2 protein chains.
Amino acid sequence: MHCDEFVADCRVRQLADLFAQTWNPVVLLALRPGPRRRRTLREEIGGISDKVLTDTLRRLQAQGLISRTAYAEAPPRVDYALTELGRSIVDGPLKALGAWVAEHGDELTAAPRP
Amino acid sequence: MHCDEFVADCRVRQLADLFAQTWNPVVLLALRPGPRRRRTLREEIGGISDKVLTDTLRRLQAQGLISRTAYAEAPPRVDYALTELGRSIVDGPLKALGAWVAEHGDELTAAPRP
């Protein structure tokens, strides 16, 4: 990827990529109220396949945005939660994107894909 | 593209896509100070080919984010400028993304592409 000094925003794009991937922002937002079990996430999100949810959770975990905690209970319980970093994304840029879309989304002309 | 009521953010992704495309945020930021001629843009941005700049300007124009104004001067002059909508993106979500990256960018783990 081309990195240019002028903008120093390779990471802006990295962050934008994160939101551009269909399910990432959805899962991040779904975790906003607090830790969730996998099944609860699936129910609350709706329309997400088991495989896609698994992939998304792994990806967000690999990026340090969510944590996975296994509790030694019977039956075993696994919780997913936003990390501090994940919360900073949800409360910062993701919120700003959402606010913009709520106000101006209709004005954005659908552009042809390059 | 799957649109889900839960997040109502197909447009969040549309907006994220906009930032994720390499040169879009660069050109938007370059127009922040005010209208620019094409040649000035190229010089100020640096490292952008003529073709890519042309494509990016057309794309942003098609999305209603920048305007193109031709002045009947000799030699003819053409200016590009942020529209009101374009400015709202630069001052809103793009700024929020930049601020987050400045503060937390180093913490974002590079995740493998899916």
# chains A, B, ... in the order shown; residues from 1 in each chain; ligands from 1

$ residues_around --residues "range 17-23 of chain A" --least-positions-apart "6" --cutoff "9 Å" --atoms "only C-alpha atoms" --output "short mmCIF file (atom, residue, chain, number, x, y, z; two decimals) with N, CA and C atoms, in the first residue's frame"
data_model
loop_
_atom_site.label_atom_id
_atom_site.label_comp_id
_atom_site.auth_asym_id
_atom_site.auth_seq_id
_atom_site.Cartn_x
_atom_site.Cartn_y
_atom_site.Cartn_z
N ILE A 48 -26.79 -12.84 10.39
CA ILE A 48 -25.36 -13.15 10.25
C ILE A 48 -25.18 -14.66 10.41
N VAL A 52 -19.66 -16.52 9.46
CA VAL A 52 -19.27 -15.11 9.33
C VAL A 52 -19.07 -14.48 10.71
N LEU A 53 -19.93 -14.85 11.65
CA LEU A 53 -19.75 -14.32 13.01
C LEU A 53 -18.42 -14.78 13.59
N THR A 56 -15.61 -12.89 11.94
CA THR A 56 -15.57 -11.49 12.37
C THR A 56 -15.01 -11.37 13.78
N LEU A 60 -11.61 -9.31 14.70
CA LEU A 60 -11.60 -8.18 15.63
C LEU A 60 -10.71 -8.47 16.85
N LEU A 94 -16.35 5.68 14.87
CA LEU A 94 -17.56 5.00 14.40
C LEU A 94 -18.79 5.84 14.70
N MET B 1 -25.08 -5.86 -1.60
CA MET B 1 -24.57 -5.66 -0.25
C MET B 1 -25.68 -5.89 0.77
N HIS B 2 -25.37 -6.63 1.79
CA HIS B 2 -26.37 -6.91 2.80
C HIS B 2 -26.64 -5.68 3.64
N CYS B 10 -25.56 0.59 6.14
CA CYS B 10 -25.04 0.41 4.80
C CYS B 10 -24.30 1.65 4.40
N VAL B 12 -22.91 3.76 6.44
CA VAL B 12 -21.65 3.86 7.19
C VAL B 12 -20.56 3.17 6.39
N ARG B 13 -20.92 2.03 5.81
CA ARG B 13 -19.92 1.31 5.02
C ARG B 13 -19.60 2.05 3.73
N GLN B 14 -20.64 2.64 3.16
CA GLN B 14 -20.42 3.42 1.94
C GLN B 14 -19.41 4.55 2.23
N LEU B 15 -19.61 5.16 3.38
CA LEU B 15 -18.72 6.24 3.79
C LEU B 15 -17.32 5.70 4.10
N ALA B 16 -17.29 4.54 4.77
CA ALA B 16 -16.00 3.94 5.09
C ALA B 16 -15.26 3.55 3.82
N ASP B 17 -16.01 3.04 2.85
CA ASP B 17 -15.40 2.69 1.56
C ASP B 17 -14.73 3.90 0.94
N LEU B 18 -15.41 5.01 1.08
CA LEU B 18 -14.90 6.25 0.53
C LEU B 18 -13.52 6.57 1.10
N PHE B 19 -13.37 6.39 2.40
CA PHE B 19 -12.08 6.67 3.03
C PHE B 19 -11.07 5.57 2.73
N ALA B 20 -11.57 4.37 2.54
CA ALA B 20 -10.66 3.24 2.36
C ALA B 20 -9.98 3.27 0.99
N GLN B 21 -10.61 3.94 0.04
CA GLN B 21 -9.97 4.06 -1.28
C GLN B 21 -8.82 5.05 -1.19
#

$ interface_residues --of "chain B" --to "chain A" --cutoff "8 Å" --atoms "only C-alpha atoms" --output "short mmCIF file (atom, residue, chain, number, x, y, z; two decimals) with N, CA and C atoms, in the first residue's frame"
data_model
loop_
_atom_site.label_atom_id
_atom_site.label_comp_id
_atom_site.auth_asym_id
_atom_site.auth_seq_id
_atom_site.Cartn_x
_atom_site.Cartn_y
_atom_site.Cartn_z
N HIS B 2 -25.37 -6.63 1.79
CA HIS B 2 -26.37 -6.91 2.80
C HIS B 2 -26.64 -5.68 3.64
N ASP B 4 -28.67 -4.37 6.97
CA ASP B 4 -29.35 -4.90 8.13
C ASP B 4 -29.95 -3.78 8.96
N PHE B 6 -30.54 -3.68 11.99
CA PHE B 6 -29.91 -3.54 13.29
C PHE B 6 -28.95 -2.36 13.36
N VAL B 7 -28.23 -2.18 12.29
CA VAL B 7 -27.27 -1.09 12.33
C VAL B 7 -27.63 0.06 11.40
N ASP B 9 -26.56 0.79 8.72
CA ASP B 9 -25.34 1.49 8.36
C ASP B 9 -24.73 1.02 7.07
N ARG B 11 -24.83 2.79 4.82
CA ARG B 11 -24.20 4.04 4.43
C ARG B 11 -22.96 4.33 5.24
N VAL B 12 -22.91 3.76 6.44
CA VAL B 12 -21.65 3.86 7.19
C VAL B 12 -20.56 3.17 6.39
N ARG B 13 -20.92 2.03 5.81
CA ARG B 13 -19.92 1.31 5.02
C ARG B 13 -19.60 2.05 3.73
N GLN B 14 -20.64 2.64 3.16
CA GLN B 14 -20.42 3.42 1.94
C GLN B 14 -19.41 4.55 2.23
N LEU B 15 -19.61 5.16 3.38
CA LEU B 15 -18.72 6.24 3.79
C LEU B 15 -17.32 5.70 4.10
N ALA B 16 -17.29 4.54 4.77
CA ALA B 16 -16.00 3.94 5.09
C ALA B 16 -15.26 3.55 3.82
N ASP B 17 -16.01 3.04 2.85
CA ASP B 17 -15.40 2.69 1.56
C ASP B 17 -14.73 3.90 0.94
N PHE B 19 -13.37 6.39 2.40
CA PHE B 19 -12.08 6.67 3.03
C PHE B 19 -11.07 5.57 2.73
N ALA B 20 -11.57 4.37 2.54
CA ALA B 20 -10.66 3.24 2.36
C ALA B 20 -9.98 3.27 0.99
N GLN B 21 -10.61 3.94 0.04
CA GLN B 21 -9.97 4.06 -1.28
C GLN B 21 -8.82 5.05 -1.19
N THR B 22 -7.67 4.52 -1.52
CA THR B 22 -6.42 5.22 -1.24
C THR B 22 -6.44 6.74 -1.35
N VAL B 26 -7.04 11.69 0.75
CA VAL B 26 -5.89 12.57 0.47
C VAL B 26 -6.36 13.81 -0.30
N LEU B 29 -8.59 16.08 1.78
CA LEU B 29 -7.81 16.87 2.73
C LEU B 29 -7.04 17.98 2.03
N ILE B 45 0.07 17.36 -3.33
CA ILE B 45 -0.09 15.99 -2.87
C ILE B 45 1.21 15.22 -3.04
N GLY B 46 1.75 15.27 -4.22
CA GLY B 46 3.01 14.56 -4.46
C GLY B 46 2.76 13.07 -4.55
N GLY B 47 3.43 12.42 -5.46
CA GLY B 47 3.32 10.96 -5.54
C GLY B 47 2.02 10.46 -6.12
N ARG B 59 -14.39 10.81 -9.43
CA ARG B 59 -15.14 10.00 -8.48
C ARG B 59 -15.74 10.87 -7.38
N ALA B 62 -18.52 12.89 -8.80
CA ALA B 62 -19.73 12.08 -9.02
C ALA B 62 -20.47 11.83 -7.71
N GLN B 63 -19.74 11.84 -6.62
CA GLN B 63 -20.38 11.60 -5.32
C GLN B 63 -20.89 12.87 -4.68
N GLY B 64 -20.66 13.98 -5.36
CA GLY B 64 -21.17 15.25 -4.84
C GLY B 64 -20.30 15.86 -3.76
N LEU B 65 -19.04 15.39 -3.67
CA LEU B 65 -18.18 15.87 -2.58
C LEU B 65 -17.29 17.03 -2.99
N LEU B 85 -21.20 19.43 1.29
CA LEU B 85 -21.23 18.03 1.74
C LEU B 85 -19.81 17.50 1.96
N SER B 88 -18.41 18.82 5.09
CA SER B 88 -18.97 18.19 6.29
C SER B 88 -18.32 16.84 6.57
N ILE B 89 -17.87 16.17 5.51
CA ILE B 89 -17.17 14.90 5.71
C ILE B 89 -15.76 15.14 6.25
N GLY B 92 -16.04 16.39 9.80
CA GLY B 92 -16.68 15.45 10.72
C GLY B 92 -15.93 14.13 10.79
N PRO B 93 -16.43 13.13 10.08
CA PRO B 93 -15.87 11.79 10.20
C PRO B 93 -14.38 11.68 9.86
N ALA B 96 -12.45 12.86 12.73
CA ALA B 96 -12.54 11.91 13.85
C ALA B 96 -11.63 10.70 13.61
N LEU B 97 -11.59 10.23 12.35
CA LEU B 97 -10.69 9.12 12.04
C LEU B 97 -9.24 9.52 12.25
N GLY B 98 -8.90 10.71 11.79
CA GLY B 98 -7.53 11.20 11.94
C GLY B 98 -7.15 11.35 13.41
N TRP B 100 -8.42 9.77 15.97
CA TRP B 100 -8.27 8.45 16.59
C TRP B 100 -6.92 7.84 16.22
N VAL B 101 -6.59 7.95 14.95
CA VAL B 101 -5.33 7.35 14.48
C VAL B 101 -4.14 8.03 15.15
N HIS B 104 -4.37 6.56 18.80
CA HIS B 104 -4.36 5.10 19.03
C HIS B 104 -3.78 4.28 17.89
N GLY B 105 -3.40 4.95 16.81
CA GLY B 105 -2.98 4.22 15.61
C GLY B 105 -1.96 3.11 15.88
N GLU B 107 -1.64 1.28 18.33
CA GLU B 107 -2.16 0.13 19.07
C GLU B 107 -2.95 -0.83 18.18
N LEU B 108 -3.30 -0.35 17.00
CA LEU B 108 -4.11 -1.18 16.11
C LEU B 108 -3.23 -2.27 15.49
N THR B 109 -3.54 -3.48 15.84
CA THR B 109 -2.75 -4.59 15.31
C THR B 109 -3.07 -4.79 13.84
N ALA B 110 -2.07 -4.91 13.03
CA ALA B 110 -2.31 -5.18 11.62
C ALA B 110 -2.94 -6.56 11.51
N ALA B 111 -4.14 -6.60 11.01
CA ALA B 111 -4.82 -7.88 10.88
C ALA B 111 -4.63 -8.41 9.47
N PRO B 112 -4.54 -9.73 9.35
CA PRO B 112 -4.44 -10.31 8.02
C PRO B 112 -5.70 -10.01 7.22
#

$ select_by_dssp --residues "chain A" --states "strand (DSSP E or B)" --output "PyMOL selection string"
chain A and resi 36-37+66-71+77-82

$ write_last_selection --atoms "C-alpha atoms" --output "compact mmCIF listing (two decimals), in the first residue's frame"
# COMPACT_ATOMS: atom_id res chain seq x y z
CA ARG A 36 -22.07 -10.77 25.09
CA ARG A 37 -22.07 -14.47 24.56
CA ILE A 66 -12.43 -7.26 21.30
CA SER A 67 -11.51 -9.74 23.99
CA ARG A 68 -12.63 -13.30 24.47
CA THR A 69 -12.99 -14.59 28.01
CA ALA A 70 -13.73 -18.20 28.87
CA TYR A 71 -15.26 -18.90 32.27
CA ARG A 77 -19.31 -19.80 29.14
CA VAL A 78 -17.41 -17.59 26.72
CA ASP A 79 -17.90 -13.84 26.64
CA TYR A 80 -16.85 -11.35 24.03
CA ALA A 81 -16.33 -7.73 24.99
CA LEU A 82 -14.90 -4.53 23.59

$ atom_distance --atom1 "CA of Arg32 in chain B" --atom2 "CA of Ala74 in chain B"
26.6 Å

$ select_by_dssp --residues "range 5-111 of chain B" --states "alpha helix (DSSP H)" --output "MDAnalysis selection string"
chainID B and resid 10:20 23:30 38:45 50:62 84:89 95:104

$ write_last_selection --atoms "C-alpha atoms" --output "PDB file, in the first residue's frame"
ATOM      1  CA  CYS B  10     -25.043   0.409   4.799  1.00  0.00           C
ATOM      2  CA  ARG B  11     -24.200   4.039   4.426  1.00  0.00           C
ATOM      3  CA  VAL B  12     -21.655   3.864   7.187  1.00  0.00           C
ATOM      4  CA  ARG B  13     -19.922   1.314   5.020  1.00  0.00           C
ATOM      5  CA  GLN B  14     -20.417   3.420   1.939  1.00  0.00           C
ATOM      6  CA  LEU B  15     -18.723   6.243   3.789  1.00  0.00           C
ATOM      7  CA  ALA B  16     -16.001   3.944   5.089  1.00  0.00           C
ATOM      8  CA  ASP B  17     -15.404   2.687   1.562  1.00  0.00           C
ATOM      9  CA  LEU B  18     -14.899   6.254   0.534  1.00  0.00           C
ATOM     10  CA  PHE B  19     -12.076   6.668   3.027  1.00  0.00           C
ATOM     11  CA  ALA B  20     -10.662   3.242   2.359  1.00  0.00           C
ATOM     12  CA  TRP B  23      -6.604   8.681  -2.731  1.00  0.00           C
ATOM     13  CA  ASN B  24     -10.050   9.892  -1.746  1.00  0.00           C
ATOM     14  CA  PRO B  25      -9.177  11.142   1.735  1.00  0.00           C
ATOM     15  CA  VAL B  26      -5.895  12.575   0.466  1.00  0.00           C
ATOM     16  CA  VAL B  27      -7.593  14.699  -2.179  1.00  0.00           C
ATOM     17  CA  LEU B  28     -10.379  15.735   0.184  1.00  0.00           C
ATOM     18  CA  LEU B  29      -7.812  16.871   2.730  1.00  0.00           C
ATOM     19  CA  ALA B  30      -5.797  18.670   0.089  1.00  0.00           C
ATOM     20  CA  ARG B  38      -5.429  20.587 -10.752  1.00  0.00           C
ATOM     21  CA  ARG B  39      -1.724  21.262 -11.152  1.00  0.00           C
ATOM     22  CA  THR B  40      -1.468  22.741  -7.678  1.00  0.00           C
ATOM     23  CA  LEU B  41      -3.195  19.682  -6.266  1.00  0.00           C
ATOM     24  CA  ARG B  42      -0.688  17.408  -7.949  1.00  0.00           C
ATOM     25  CA  GLU B  43       2.223  19.391  -6.588  1.00  0.00           C
ATOM     26  CA  GLU B  44       0.842  19.635  -3.087  1.00  0.00           C
ATOM     27  CA  ILE B  45      -0.092  15.991  -2.866  1.00  0.00           C
ATOM     28  CA  ASP B  50      -2.018  12.276 -13.456  1.00  0.00           C
ATOM     29  CA  LYS B  51      -4.408   9.439 -14.241  1.00  0.00           C
ATOM     30  CA  VAL B  52      -5.083   8.621 -10.620  1.00  0.00           C
ATOM     31  CA  LEU B  53      -5.707  12.264  -9.787  1.00  0.00           C
ATOM     32  CA  THR B  54      -8.138  12.507 -12.712  1.00  0.00           C
ATOM     33  CA  ASP B  55      -9.968   9.374 -11.610  1.00  0.00           C
ATOM     34  CA  THR B  56     -10.139  10.529  -8.015  1.00  0.00           C
ATOM     35  CA  LEU B  57     -11.439  13.990  -8.924  1.00  0.00           C
ATOM     36  CA  ARG B  58     -14.117  12.458 -11.149  1.00  0.00           C
ATOM     37  CA  ARG B  59     -15.139   9.996  -8.483  1.00  0.00           C
ATOM     38  CA  LEU B  60     -15.422  12.613  -5.763  1.00  0.00           C
ATOM     39  CA  GLN B  61     -17.301  14.881  -8.122  1.00  0.00           C
ATOM     40  CA  ALA B  62     -19.727  12.081  -9.019  1.00  0.00           C
ATOM     41  CA  GLU B  84     -20.724  21.791   1.500  1.00  0.00           C
ATOM     42  CA  LEU B  85     -21.233  18.034   1.736  1.00  0.00           C
ATOM     43  CA  GLY B  86     -17.544  17.371   1.129  1.00  0.00           C
ATOM     44  CA  ARG B  87     -16.603  19.839   3.827  1.00  0.00           C
ATOM     45  CA  SER B  88     -18.971  18.192   6.287  1.00  0.00           C
ATOM     46  CA  ILE B  89     -17.166  14.896   5.713  1.00  0.00           C
ATOM     47  CA  LYS B  95     -11.330  14.449  11.290  1.00  0.00           C
ATOM     48  CA  ALA B  96     -12.540  11.907  13.847  1.00  0.00           C
ATOM     49  CA  LEU B  97     -10.692   9.115  12.036  1.00  0.00           C
ATOM     50  CA  GLY B  98      -7.529  11.196  11.945  1.00  0.00           C
ATOM     51  CA  ALA B  99      -7.800  12.086  15.619  1.00  0.00           C
ATOM     52  CA  TRP B 100      -8.270   8.454  16.590  1.00  0.00           C
ATOM     53  CA  VAL B 101      -5.329   7.353  14.478  1.00  0.00           C
ATOM     54  CA  ALA B 102      -3.113  10.058  15.976  1.00  0.00           C
ATOM     55  CA  GLU B 103      -3.955   8.857  19.462  1.00  0.00           C
ATOM     56  CA  HIS B 104      -4.358   5.103  19.032  1.00  0.00           C
TER      57      HIS B 104
END
